[in-house]
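Asks: Structure file target-v3.cif (mmCIF, C-alpha atoms and all ligand atoms) is given on the next line.
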data_input
#
loop_
_atom_site.label_atom_id
_atom_site.label_comp_id
_atom_site.auth_asym_id
_atom_site.auth_seq_id
_atom_site.Cartn_x
_atom_site.Cartn_y
_atom_site.Cartn_z
CA MET A 115 15.36 -30.74 -44.65
CA ASN A 116 15.56 -28.70 -41.44
CA GLU A 117 12.86 -28.46 -38.74
CA LEU A 118 11.38 -25.37 -40.32
CA SER A 119 10.90 -26.84 -43.78
CA ALA A 120 9.54 -30.00 -42.16
CA TRP A 121 6.97 -27.84 -40.34
CA LEU A 122 6.04 -26.03 -43.56
CA ALA A 123 5.66 -29.36 -45.39
CA VAL A 124 3.29 -30.77 -42.77
CA ASN A 125 1.28 -27.66 -41.94
CA THR A 126 1.00 -25.64 -45.14
CA PRO A 127 0.49 -26.18 -48.88
CA LEU A 128 3.71 -24.23 -49.54
CA GLU A 129 6.84 -25.38 -51.34
CA SER A 130 8.98 -26.25 -48.34
CA GLU A 131 12.55 -26.45 -49.67
CA PRO A 132 14.99 -24.86 -47.19
CA HIS A 133 15.60 -21.29 -48.31
CA LYS A 134 18.11 -18.71 -47.10
CA TYR A 135 15.47 -15.94 -46.93
CA ILE A 136 13.08 -18.07 -44.88
CA GLU A 137 15.87 -19.00 -42.50
CA LEU A 138 16.89 -15.34 -42.12
CA PHE A 139 13.27 -14.45 -41.40
CA ALA A 140 12.99 -17.22 -38.80
CA ASP A 141 16.19 -15.90 -37.14
CA GLU A 142 14.63 -12.44 -36.96
CA ARG A 143 11.37 -13.77 -35.45
CA MET A 144 13.33 -15.84 -32.92
CA ARG A 145 15.25 -12.74 -31.90
CA LEU A 146 12.03 -10.69 -31.53
CA LEU A 147 10.27 -13.47 -29.61
CA GLY A 148 13.28 -14.19 -27.39
CA LEU A 149 13.54 -17.81 -28.53
CA ASN A 150 17.02 -19.25 -28.71
CA THR A 151 16.51 -22.43 -30.76
CA LEU A 152 14.74 -23.32 -33.99
CA ALA A 153 12.94 -26.11 -32.10
CA LYS A 154 11.37 -23.51 -29.78
CA TYR A 155 10.30 -21.39 -32.76
CA VAL A 156 8.68 -24.44 -34.38
CA GLU A 157 6.91 -25.20 -31.09
CA ARG A 158 5.63 -21.61 -31.09
CA LEU A 159 4.34 -22.05 -34.65
CA ASN A 160 2.36 -25.08 -33.48
CA LEU A 161 0.80 -23.21 -30.58
CA ASP A 162 0.23 -19.76 -32.04
CA PRO A 163 -1.82 -19.47 -35.28
CA ARG A 164 -0.87 -15.78 -35.56
CA GLU A 165 2.84 -16.64 -35.61
CA ALA A 166 2.12 -19.33 -38.20
CA GLN A 167 0.26 -16.73 -40.28
CA ILE A 168 3.18 -14.30 -40.06
CA LEU A 169 5.53 -16.98 -41.38
CA TYR A 170 3.09 -17.89 -44.17
CA GLN A 171 2.86 -14.26 -45.23
CA HIS A 172 6.62 -14.09 -45.45
CA VAL A 173 6.99 -17.25 -47.52
CA ALA A 174 4.13 -16.27 -49.87
CA PRO A 175 4.25 -12.46 -49.77
CA PRO A 176 1.46 -10.16 -51.02
CA GLU A 177 3.62 -8.76 -53.83
CA THR A 178 1.15 -7.11 -56.21
CA TRP A 179 0.42 -3.94 -58.11
CA LEU A 180 -2.30 -2.25 -60.12
CA PHE A 181 -2.63 -3.45 -63.72
CA ARG A 182 0.18 -5.96 -63.33
CA TYR A 183 0.79 -7.32 -66.87
CA ILE A 184 -1.34 -4.65 -68.48
CA ALA A 185 -1.96 -6.82 -71.58
CA ALA A 186 -4.13 -9.10 -69.41
CA PHE A 187 -6.49 -6.23 -68.65
CA ASP A 188 -6.75 -5.25 -72.31
CA VAL A 189 -7.79 -8.84 -73.03
CA LEU A 190 -10.26 -8.80 -70.14
CA ARG A 191 -11.74 -5.49 -71.26
CA GLU A 192 -12.22 -6.69 -74.82
CA ALA A 193 -13.90 -9.89 -73.58
CA ILE A 194 -16.19 -7.95 -71.23
CA LEU A 195 -17.21 -5.57 -74.01
CA LYS A 196 -18.10 -8.56 -76.22
CA SER A 197 -20.04 -10.38 -73.50
CA ASP A 198 -23.77 -10.59 -72.85
CA HIS A 199 -24.48 -7.86 -70.29
CA SER A 200 -27.95 -9.12 -69.47
CA LYS A 201 -26.35 -11.86 -67.34
CA VAL A 202 -24.11 -11.37 -64.33
CA ILE A 203 -20.42 -11.83 -65.16
CA HIS A 204 -18.51 -13.65 -62.42
CA VAL A 205 -14.78 -13.17 -61.93
CA ALA A 206 -12.45 -14.76 -59.37
CA SER A 207 -9.17 -13.29 -58.18
CA LEU A 208 -7.51 -16.21 -56.40
CA GLY A 209 -4.61 -15.11 -54.21
CA CYS A 210 -5.76 -11.49 -54.46
CA ALA A 211 -3.18 -10.26 -51.89
CA THR A 212 -3.86 -6.65 -50.83
CA GLY A 213 -6.35 -6.03 -53.61
CA SER A 214 -4.57 -4.43 -56.56
CA GLU A 215 -5.69 -7.27 -58.84
CA PRO A 216 -9.42 -7.14 -57.96
CA PHE A 217 -9.23 -3.31 -58.01
CA SER A 218 -7.83 -3.43 -61.56
CA ILE A 219 -10.54 -5.92 -62.57
CA ALA A 220 -13.26 -3.71 -61.05
CA ALA A 221 -11.94 -0.59 -62.82
CA THR A 222 -11.90 -2.55 -66.09
CA ALA A 223 -15.58 -3.47 -65.58
CA LEU A 224 -16.49 0.14 -64.67
CA SER A 225 -14.76 1.34 -67.85
CA CYS A 226 -17.14 -0.95 -69.77
CA GLY A 227 -20.11 0.74 -68.08
CA LEU A 228 -21.00 -2.21 -65.84
CA THR A 229 -22.46 -2.06 -62.32
CA LYS A 230 -22.26 -4.38 -59.32
CA ASP A 231 -25.52 -6.00 -60.44
CA GLN A 232 -23.83 -7.04 -63.69
CA PHE A 233 -20.30 -7.78 -62.50
CA GLN A 234 -19.21 -9.65 -59.38
CA ILE A 235 -15.64 -10.30 -58.23
CA LEU A 236 -14.61 -12.92 -55.71
CA ALA A 237 -11.36 -11.80 -54.04
CA LEU A 238 -9.88 -14.81 -52.22
CA ASP A 239 -6.74 -15.01 -50.15
CA TYR A 240 -5.16 -17.10 -47.41
CA SER A 241 -4.44 -14.07 -45.28
CA ASP A 242 -6.95 -12.03 -43.27
CA ASP A 243 -4.42 -9.18 -43.08
CA HIS A 244 -4.32 -8.89 -46.88
CA LEU A 245 -8.11 -9.10 -47.14
CA ASN A 246 -8.52 -6.31 -44.58
CA ILE A 247 -6.45 -4.07 -46.86
CA THR A 248 -8.41 -5.23 -49.91
CA ARG A 249 -11.66 -4.16 -48.24
CA THR A 250 -10.38 -0.56 -47.98
CA GLY A 251 -10.14 -0.26 -51.79
CA ARG A 252 -6.82 1.56 -51.41
CA ALA A 253 -3.66 0.74 -53.35
CA SER A 254 -0.43 1.91 -51.72
CA ALA A 255 2.25 3.93 -53.52
CA LEU A 256 4.21 0.70 -54.00
CA ALA A 257 1.24 -0.82 -55.82
CA GLN A 258 1.52 1.87 -58.50
CA ARG A 259 4.36 0.56 -60.63
CA THR A 260 2.95 0.72 -64.12
CA PRO A 261 0.91 3.59 -65.53
CA ILE A 262 -2.85 3.25 -65.05
CA PRO A 263 -4.44 2.84 -68.49
CA LYS A 264 -6.27 5.97 -69.64
CA TRP A 265 -9.60 4.14 -69.76
CA ALA A 266 -9.27 3.30 -66.03
CA ASN A 267 -7.93 6.60 -64.76
CA ASP A 268 -11.33 8.00 -63.80
CA PHE A 269 -11.95 5.14 -61.37
CA PHE A 270 -9.06 5.89 -59.01
CA ARG A 271 -8.72 8.96 -56.82
CA PRO A 272 -5.40 9.91 -55.19
CA THR A 273 -5.43 10.18 -51.40
CA THR A 274 -3.30 12.60 -49.39
CA LYS A 275 -1.10 9.63 -48.39
CA GLY A 276 -0.06 8.82 -51.96
CA GLN A 277 -2.48 5.90 -52.26
CA LEU A 278 -5.03 5.38 -55.01
CA GLN A 279 -8.61 4.86 -53.85
CA LEU A 280 -10.87 2.69 -56.01
CA ASP A 281 -14.23 4.19 -56.95
CA PRO A 282 -16.91 2.97 -54.47
CA ARG A 283 -18.91 1.50 -57.38
CA GLY A 284 -15.92 -0.74 -58.10
CA LEU A 285 -15.41 -1.65 -54.44
CA ALA A 286 -19.09 -2.70 -54.29
CA MET A 287 -18.36 -5.37 -56.93
CA ILE A 288 -15.72 -7.08 -54.74
CA ASN A 289 -16.57 -9.84 -52.25
CA THR A 290 -13.66 -10.99 -50.10
CA VAL A 291 -13.29 -14.58 -48.92
CA ARG A 292 -10.64 -16.06 -46.69
CA ALA A 293 -9.78 -19.54 -47.96
CA ASP A 294 -6.91 -21.91 -48.62
CA LEU A 295 -6.62 -22.88 -52.28
CA SER A 296 -5.38 -26.33 -51.31
CA THR A 297 -8.85 -27.20 -49.96
CA TRP A 298 -11.21 -24.53 -51.30
CA GLN A 299 -14.30 -25.62 -53.19
CA PRO A 300 -15.92 -23.04 -55.47
CA GLN A 301 -19.67 -22.75 -55.13
CA ARG A 302 -20.23 -21.69 -58.71
CA ALA A 303 -18.49 -21.33 -62.08
CA TYR A 304 -16.64 -18.21 -63.22
CA ASP A 305 -16.31 -16.47 -66.55
CA PHE A 306 -12.84 -15.10 -65.81
CA VAL A 307 -10.39 -16.54 -63.32
CA PHE A 308 -7.21 -14.77 -62.23
CA CYS A 309 -4.73 -16.95 -60.35
CA ARG A 310 -1.49 -15.10 -60.92
CA ASN A 311 1.76 -15.46 -59.01
CA VAL A 312 0.28 -17.85 -56.45
CA ALA A 313 1.23 -21.29 -57.80
CA ILE A 314 4.94 -20.37 -57.65
CA TYR A 315 4.75 -20.69 -53.85
CA LEU A 316 2.79 -23.95 -53.69
CA ASN A 317 3.91 -27.57 -53.37
CA SER A 318 3.39 -30.05 -56.23
CA PRO A 319 0.17 -31.76 -55.01
CA THR A 320 -1.46 -28.36 -54.44
CA LYS A 321 -0.33 -27.10 -57.86
CA LYS A 322 -1.75 -30.22 -59.46
CA ARG A 323 -5.07 -29.79 -57.69
CA LEU A 324 -5.14 -26.08 -58.54
CA GLY A 325 -4.58 -26.75 -62.26
CA ARG A 326 -7.59 -29.07 -62.34
CA LEU A 327 -9.66 -26.72 -60.19
CA LEU A 328 -9.04 -23.85 -62.64
CA GLY A 329 -10.21 -26.08 -65.49
CA GLU A 330 -13.36 -27.12 -63.64
CA MET A 331 -14.41 -23.77 -62.24
CA THR A 332 -14.12 -21.85 -65.53
CA ASN A 333 -17.18 -21.55 -67.75
CA PRO A 334 -16.96 -22.84 -71.33
CA ASN A 335 -15.40 -20.04 -73.40
CA GLY A 336 -14.15 -18.45 -70.19
CA LEU A 337 -10.62 -17.18 -69.66
CA VAL A 338 -7.98 -18.03 -67.08
CA PHE A 339 -5.13 -15.61 -66.35
CA LEU A 340 -1.87 -16.89 -64.85
CA GLY A 341 1.44 -15.25 -63.91
CA HIS A 342 4.70 -15.50 -65.88
CA ALA A 343 6.29 -18.07 -63.62
CA ASP A 344 3.25 -20.10 -62.54
CA SER A 345 4.19 -23.61 -63.58
CA LEU A 346 0.79 -25.27 -63.34
CA SER A 347 -0.01 -28.51 -65.03
CA LEU A 348 -3.05 -27.87 -67.21
CA GLU A 349 -2.83 -31.02 -69.29
CA ASP A 350 -5.73 -32.69 -67.42
CA THR A 351 -7.93 -29.72 -68.31
CA ASP A 352 -9.40 -28.23 -71.45
CA LEU A 353 -7.55 -24.94 -70.95
CA LYS A 354 -5.44 -23.82 -73.90
CA ARG A 355 -2.80 -21.11 -73.99
CA SER A 356 -3.63 -18.11 -76.17
CA GLN A 357 -1.14 -16.30 -78.40
CA ILE A 358 -1.75 -12.94 -76.82
CA GLU A 359 1.66 -11.62 -75.77
CA HIS A 360 2.36 -10.79 -72.12
CA ALA A 361 -1.18 -11.62 -70.97
CA PHE A 362 -0.58 -15.30 -69.97
CA VAL A 363 -4.17 -16.02 -70.75
CA PHE A 364 -5.74 -19.43 -71.29
CA PHE A 365 -9.11 -20.02 -72.86
CA LYS A 366 -11.48 -22.81 -72.05
CA SER A 367 -12.56 -24.74 -75.08
CA LYS A 368 -16.03 -26.26 -75.08
CA LYS A 369 -14.74 -29.87 -75.12
CA ILE A 370 -15.14 -31.56 -71.72
CA PRO A 371 -12.05 -33.63 -70.80
CA GLN A 372 -12.72 -37.38 -70.42
CA SER A 373 -9.90 -38.29 -68.06
CA SER A 374 -9.24 -37.55 -64.40
CA THR A 375 -11.36 -37.57 -61.27
CA PRO A 376 -12.84 -34.14 -60.53
CA VAL A 377 -11.16 -32.20 -57.74
CA GLY A 378 -14.54 -31.93 -56.01
CA VAL A 379 -14.95 -35.67 -55.60
CA GLU A 380 -13.14 -36.01 -52.28
CA ARG A 381 -14.95 -32.89 -51.01
CA PRO A 382 -18.45 -32.30 -49.65
CA GLN A 383 -19.67 -30.22 -52.63
CA PRO A 384 -20.56 -32.17 -55.75
CA LYS A 385 -18.95 -31.25 -59.05
CA GLN A 386 -22.33 -30.06 -60.40
CA SER A 387 -22.10 -27.09 -58.04
CA ILE A 388 -19.54 -25.49 -60.34
CA ALA A 389 -20.70 -26.83 -63.68
CA VAL A 390 -23.08 -23.98 -64.51
CA LYS A 391 -23.79 -22.83 -68.04
CA SER A 392 -21.65 -20.13 -69.60
CA SER A 393 -23.03 -16.61 -69.56
CA MET A 394 -20.25 -15.29 -71.76
CA SER A 395 -19.60 -14.65 -75.38
CA VAL A 396 -15.83 -14.39 -74.94
CA PRO A 397 -13.64 -14.32 -78.07
CA VAL A 398 -14.24 -17.74 -79.53
CA ALA A 399 -12.96 -16.70 -82.95
CA ARG A 400 -9.69 -15.72 -81.33
CA ALA A 401 -9.68 -18.92 -79.31
CA GLN A 402 -10.09 -21.08 -82.39
CA THR A 403 -6.99 -19.63 -84.05
CA ILE A 404 -4.88 -20.29 -80.99
CA VAL A 405 -2.67 -23.33 -80.91
CA LEU A 406 0.84 -22.98 -79.56
CA PRO A 407 2.40 -20.76 -76.92
CA PRO A 408 4.29 -17.91 -78.57
CA PRO A 409 8.04 -17.52 -78.27
CA ILE A 410 8.72 -15.40 -75.19
CA ASP A 411 10.50 -12.08 -75.71
CA LEU A 412 13.68 -11.20 -73.83
CA PHE A 413 12.01 -8.85 -71.37
CA THR A 414 9.38 -11.44 -70.44
CA GLN A 415 12.14 -14.03 -70.10
CA ALA A 416 13.89 -11.69 -67.68
CA GLN A 417 10.67 -11.18 -65.69
CA ILE A 418 10.02 -14.93 -65.49
CA ALA A 419 13.58 -15.62 -64.35
CA ALA A 420 13.43 -12.80 -61.76
CA ASP A 421 10.01 -13.97 -60.47
CA SER A 422 11.40 -17.45 -59.95
CA GLY A 423 14.53 -16.18 -58.19
CA ASN A 424 16.99 -16.93 -61.00
CA LEU A 425 18.69 -13.54 -60.86
CA ALA A 426 21.68 -14.47 -63.04
CA ALA A 427 19.40 -15.61 -65.90
CA ALA A 428 17.21 -12.52 -65.42
CA GLU A 429 20.24 -10.26 -65.64
CA LYS A 430 21.51 -12.00 -68.79
CA ALA A 431 18.15 -11.67 -70.57
CA LEU A 432 17.85 -8.03 -69.50
CA MET A 433 21.34 -7.14 -70.75
CA ALA A 434 20.42 -8.58 -74.15
CA TYR A 435 17.11 -6.70 -74.09
CA VAL A 436 18.66 -3.36 -73.10
CA ALA A 437 21.21 -3.71 -75.91
CA ILE A 438 18.23 -3.58 -78.31
CA LYS A 439 16.06 -1.14 -76.33
CA PRO A 440 18.41 1.02 -74.25
CA THR A 441 15.73 3.54 -73.21
CA ASP A 442 13.07 1.14 -71.95
CA SER A 443 12.58 2.37 -68.39
CA GLN A 444 10.76 -0.82 -67.29
CA ALA A 445 13.91 -2.80 -68.10
CA HIS A 446 16.02 -0.47 -65.97
CA VAL A 447 13.47 -0.75 -63.12
CA LEU A 448 13.75 -4.53 -63.23
CA PHE A 449 17.54 -4.28 -63.44
CA GLY A 450 17.53 -2.06 -60.32
CA CYS A 451 15.33 -4.56 -58.45
CA ILE A 452 17.67 -7.42 -59.42
CA LYS A 453 20.71 -5.45 -58.27
CA MET A 454 18.97 -4.69 -54.94
CA ALA A 455 18.22 -8.41 -54.51
CA GLN A 456 21.93 -9.09 -55.16
CA ASN A 457 22.84 -6.47 -52.55
CA ASN A 458 24.61 -4.39 -55.19
CA VAL A 459 23.21 -1.08 -54.00
CA ALA A 460 25.53 1.12 -56.10
CA GLU A 461 24.44 -0.48 -59.37
CA ALA A 462 20.80 -0.50 -58.27
CA GLU A 463 21.05 3.23 -57.61
CA ARG A 464 22.52 3.80 -61.08
CA SER A 465 19.60 1.93 -62.66
CA PHE A 466 16.89 3.73 -60.69
CA THR A 467 18.54 7.09 -61.42
CA LYS A 468 18.46 6.23 -65.13
CA VAL A 469 14.74 5.39 -64.81
CA VAL A 470 13.95 8.74 -63.19
CA TYR A 471 15.88 10.46 -65.99
CA LEU A 472 13.88 8.57 -68.63
CA GLU A 473 10.58 8.71 -66.78
CA PRO A 474 10.49 11.38 -64.04
CA LEU A 475 7.12 10.17 -62.68
CA ASN A 476 8.17 6.56 -62.05
CA SER A 477 7.12 6.12 -58.42
CA LEU A 478 8.77 2.71 -57.94
CA ALA A 479 12.18 4.12 -58.96
CA LEU A 480 11.66 7.16 -56.73
CA LEU A 481 10.67 4.99 -53.74
CA SER A 482 13.64 2.70 -54.36
CA LEU A 483 15.97 5.70 -54.43
CA ALA A 484 14.40 6.80 -51.14
CA ALA A 485 15.11 3.36 -49.64
CA ILE A 486 18.71 3.49 -50.90
CA SER A 487 19.18 6.96 -49.35
CA ASP A 488 17.79 5.56 -46.08
CA LEU A 489 20.29 2.70 -46.23
CA ARG A 490 23.04 5.27 -46.57
CA GLY A 491 21.66 7.22 -43.60
CA ASP A 492 20.81 10.19 -45.84
CA ALA A 493 17.37 10.96 -44.40
CA LYS A 494 17.08 14.30 -46.24
CA SER A 495 17.46 12.79 -49.72
CA ALA A 496 15.16 9.90 -48.72
CA GLU A 497 12.47 12.39 -47.72
CA ARG A 498 12.92 14.31 -51.01
CA PHE A 499 12.51 11.15 -53.11
CA ARG A 500 9.46 10.09 -51.10
CA ASP A 501 7.90 13.50 -51.57
CA ARG A 502 8.49 13.30 -55.32
CA ALA A 503 6.97 9.80 -55.40
CA ALA A 504 3.85 11.04 -53.61
CA ARG A 505 3.53 13.97 -56.02
CA THR A 506 3.79 11.71 -59.07
CA VAL A 507 0.39 10.25 -58.25
CA VAL A 508 -1.25 13.66 -58.57
CA GLU A 509 0.81 14.70 -61.60
CA GLN A 510 0.02 11.47 -63.45
CA ARG A 511 -3.67 12.21 -63.07
CA LEU A 512 -3.32 15.75 -64.38
CA ASP A 513 -1.40 14.42 -67.38
C1 LIG B 601 2.45 -12.70 -54.93
S1 LIG B 601 0.80 -12.53 -54.34
C2 LIG B 601 -0.06 -12.44 -55.89
C3 LIG B 601 -1.07 -11.31 -55.91
C4 LIG B 601 -1.81 -11.13 -57.23
N1 LIG B 601 -2.48 -12.33 -57.64
C5 LIG B 601 -0.88 -10.62 -58.30
O1 LIG B 601 -0.48 -11.39 -59.18
O2 LIG B 601 -0.53 -9.43 -58.27
C6 LIG B 601 0.44 -14.18 -53.74
C7 LIG B 601 -0.80 -14.24 -52.87
O3 LIG B 601 -1.23 -15.60 -52.80
C8 LIG B 601 -1.76 -15.84 -51.51
N2 LIG B 601 -1.73 -17.28 -51.24
C9 LIG B 601 -0.64 -18.06 -51.06
N3 LIG B 601 -1.02 -19.31 -50.77
C10 LIG B 601 -2.37 -19.33 -50.79
C11 LIG B 601 -3.32 -20.35 -50.55
N4 LIG B 601 -2.95 -21.60 -50.25
N5 LIG B 601 -4.62 -20.03 -50.62
C12 LIG B 601 -5.01 -18.77 -50.92
N6 LIG B 601 -4.14 -17.76 -51.15
C13 LIG B 601 -2.84 -18.04 -51.08
C14 LIG B 601 -0.82 -15.06 -50.61
O4 LIG B 601 -1.41 -14.81 -49.34
C15 LIG B 601 -0.55 -13.80 -51.43
O5 LIG B 601 -1.41 -12.77 -51.08
#
As structure tokens - that is how I would like this structure written.
Replies:
Amino acid sequence: MNELSAWLAVNTPLESEPHKYIELFADERMRLLGLNTLAKYVERLNLDPREAQILYQHVAPPETWLFRYIAAFDVLREAILKSDHSKVIHVASLGCATGSEPFSIAATALSCGLTKDQFQILALDYSDDHLNITRTGRASALAQRTPIPKWANDFFRPTTKGQLQLDPRGLAMINTVRADLSTWQPQRAYDFVFCRNVAIYLNSPTKKRLGRLLGEMTNPNGLVFLGHADSLSLEDTDLKRSQIEHAFVFFKSKKIPQSSTPVGVERPQPKQSIAVKSSMSVPVARAQTIVLPPPIDLFTQAQIAADSGNLAAAEKALMAYVAIKPTDSQAHVLFGCIKMAQNNVAEAERSFTKVVYLEPLNSLALLSLAAISDLRGDAKSAERFRDRAARTVVEQRLD
């Protein structure tokens, strides 16, 4: 373990294995700060909380987009529609990054006809920078990677800068909180908890705590949404995986687990503070039929492998998938991203070009082609692709 991973291990809840990308980033910061040894950079991290924050944001980046894993939002919408609207529904988006997740949740609630008095969203993140962006209610062009579902379209308005602005009624539902999930204590229970693509960055004790916290803070019959690659241990909890494909949703059965000390015990707040009664009538019938995790399809396998950095496995699963579904543009997008990560720009360009042929309004492919043109020093083409990407936002709405 080098000095940098030792610093991360002591000062953050992050997985602190030495990593080429972290080392490259530290080199870049040292160059910018005029520091010539790693020891001096580590000293700077100790003295300057802003520098420490910058490193944290690099190790656990705010990678997010609107309606990420769309199936999760279909599940959420169905559960909201079935719920008792005379009581406030509470939702948590833990590790909300720059807001696309809480924005998607808010638009889902608006599509069910709910108001801020009926639906409240806690948007929590470690980073003030990300929360500042969340408070604007704007999703950047890069946060528009999958089509917005038709039922949510009315709650986003395109801006002149290619962003999508959440309806103010949705923004009013969102309360931002800066907190560290390794120590955070919820003050209440939640009907729906999103904690997606956060655990992948955390060390084992924090993951363990987080798994138990999710179990404790979720109302009976509530739902917990995780990411593809979030390896959280949920065996100490009464959370069970549902069979709904692609949603990575867990339901909380009514049975209270006997074992294990509650996470809240070592903390000032007593456990009772989060053990409030359920206000939901989420799909119990569905929950009762659910037993085992479903087999994962090839595309999901590829996504999981890519999310956890196993590019070779991701590529293998994608090749098998594309052999069956050669015109699935999402597969070619992922292939392009993998090729970019492998520094194989020529192949990445081929994939993104294929995507634009299959799906001319795919803004991620257009923006990637712009970045590739930039890399080649072809500013004119880059500008053209960026222009097209910005126009896709408007055209998609007219569709
Ligand atoms: C990859 S983003 C996931 C965003 C969103 N949940 C999604 O799936 O699209 C991970 C986020 O987790 C946040 N995060 C990482 N460690 C955290 C911690 N200890 N406490 C709170 N947030 C944390 C990061 O700041 C980052 O914004």
Asks: Could you tell me, counting all atoms listed in the file, which protein and nucleic acid residues lie no more than 7 Å from ligand LIG 601 (chain B), written as a ChimeraX atom specification?
Replies: /A:127-128,171,174-179,182,207-212,214-215,238-241,244,293-296,309-312,315-316,341
Asks: My list of candidates is A:Ala237, A:Leu280, A:Ala140, A:Ala462. Which is closest to Ala166 (chain A) when distances are computed with only C-alpha atoms?
Replies: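 The shortest atom-to-atom distance to Ala166 (chain A) comes from A:Ala140.
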Asks: Name the residues within 12 Å of (-4.5, -14.6, -63.3), counting all atoms listed in the file in the file's coordinates, and put them as a ChimeraX atom specification.
Replies: /A:178,181-187,189-190,205-210,215-216,218-219,237,306-313,328,337-344,346,360-365
Asks: Store the residues picked out above in a file with C-alpha atoms, as a short mmCIF file (atom, residue, chain, number, x, y, z; two decimals), keeping the file's coordinate frame.
Replies:
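Output file again.cif is given in full below:
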data_model
loop_
_atom_site.label_atom_id
_atom_site.label_comp_id
_atom_site.auth_asym_id
_atom_site.auth_seq_id
_atom_site.Cartn_x
_atom_site.Cartn_y
_atom_site.Cartn_z
CA THR A 178 1.15 -7.11 -56.21
CA PHE A 181 -2.63 -3.45 -63.72
CA ARG A 182 0.18 -5.96 -63.33
CA TYR A 183 0.79 -7.32 -66.87
CA ILE A 184 -1.34 -4.65 -68.48
CA ALA A 185 -1.96 -6.82 -71.58
CA ALA A 186 -4.13 -9.10 -69.41
CA PHE A 187 -6.49 -6.23 -68.65
CA VAL A 189 -7.79 -8.84 -73.03
CA LEU A 190 -10.26 -8.80 -70.14
CA VAL A 205 -14.78 -13.17 -61.93
CA ALA A 206 -12.45 -14.76 -59.37
CA SER A 207 -9.17 -13.29 -58.18
CA LEU A 208 -7.51 -16.21 -56.40
CA GLY A 209 -4.61 -15.11 -54.21
CA CYS A 210 -5.76 -11.49 -54.46
CA GLU A 215 -5.69 -7.27 -58.84
CA PRO A 216 -9.42 -7.14 -57.96
CA SER A 218 -7.83 -3.43 -61.56
CA ILE A 219 -10.54 -5.92 -62.57
CA ALA A 237 -11.36 -11.80 -54.04
CA PHE A 306 -12.84 -15.10 -65.81
CA VAL A 307 -10.39 -16.54 -63.32
CA PHE A 308 -7.21 -14.77 -62.23
CA CYS A 309 -4.73 -16.95 -60.35
CA ARG A 310 -1.49 -15.10 -60.92
CA ASN A 311 1.76 -15.46 -59.01
CA VAL A 312 0.28 -17.85 -56.45
CA ALA A 313 1.23 -21.29 -57.80
CA LEU A 328 -9.04 -23.85 -62.64
CA LEU A 337 -10.62 -17.18 -69.66
CA VAL A 338 -7.98 -18.03 -67.08
CA PHE A 339 -5.13 -15.61 -66.35
CA LEU A 340 -1.87 -16.89 -64.85
CA GLY A 341 1.44 -15.25 -63.91
CA HIS A 342 4.70 -15.50 -65.88
CA ALA A 343 6.29 -18.07 -63.62
CA ASP A 344 3.25 -20.10 -62.54
CA LEU A 346 0.79 -25.27 -63.34
CA HIS A 360 2.36 -10.79 -72.12
CA ALA A 361 -1.18 -11.62 -70.97
CA PHE A 362 -0.58 -15.30 -69.97
CA VAL A 363 -4.17 -16.02 -70.75
CA PHE A 364 -5.74 -19.43 -71.29
CA PHE A 365 -9.11 -20.02 -72.86
#
Asks: Could you give me, as a list in words, the residues within 9 Å of Phe217 (chain A), counting all atoms listed in the file and dropping anything in the same chain fewer than 5 positions from it?
Replies: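 Within the cut-off, the hits are Leu180, Phe181, Thr222, Thr248, Gly251, Arg252, Ala253, Leu280, Gly284, Leu285 and Ile288 of chain A.
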Asks: Would you mind reading off the distance between CA of Met433 (chain A) and CA of Val447 (chain A), one decimal, in Å?
Replies: 12.7 Å
Asks: Looking at A:Ser197, A:Ser345, A:Glu142, A:Pro272, which one is nearest to Asn317 (chain A), with distances taken over all atoms listed in the file?
Replies: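 The shortest atom-to-atom distance to Asn317 (chain A) comes from A:Ser345.
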Asks: Excluding Thr229 (chain A) and any residue of its chain fewer than 6 positions from it, enumerate the residues within 12 Å of it, using all atoms listed in the file, and give them as a PyMOL selection string.
Replies: chain A and resi 199-203+220-223+235+281-288
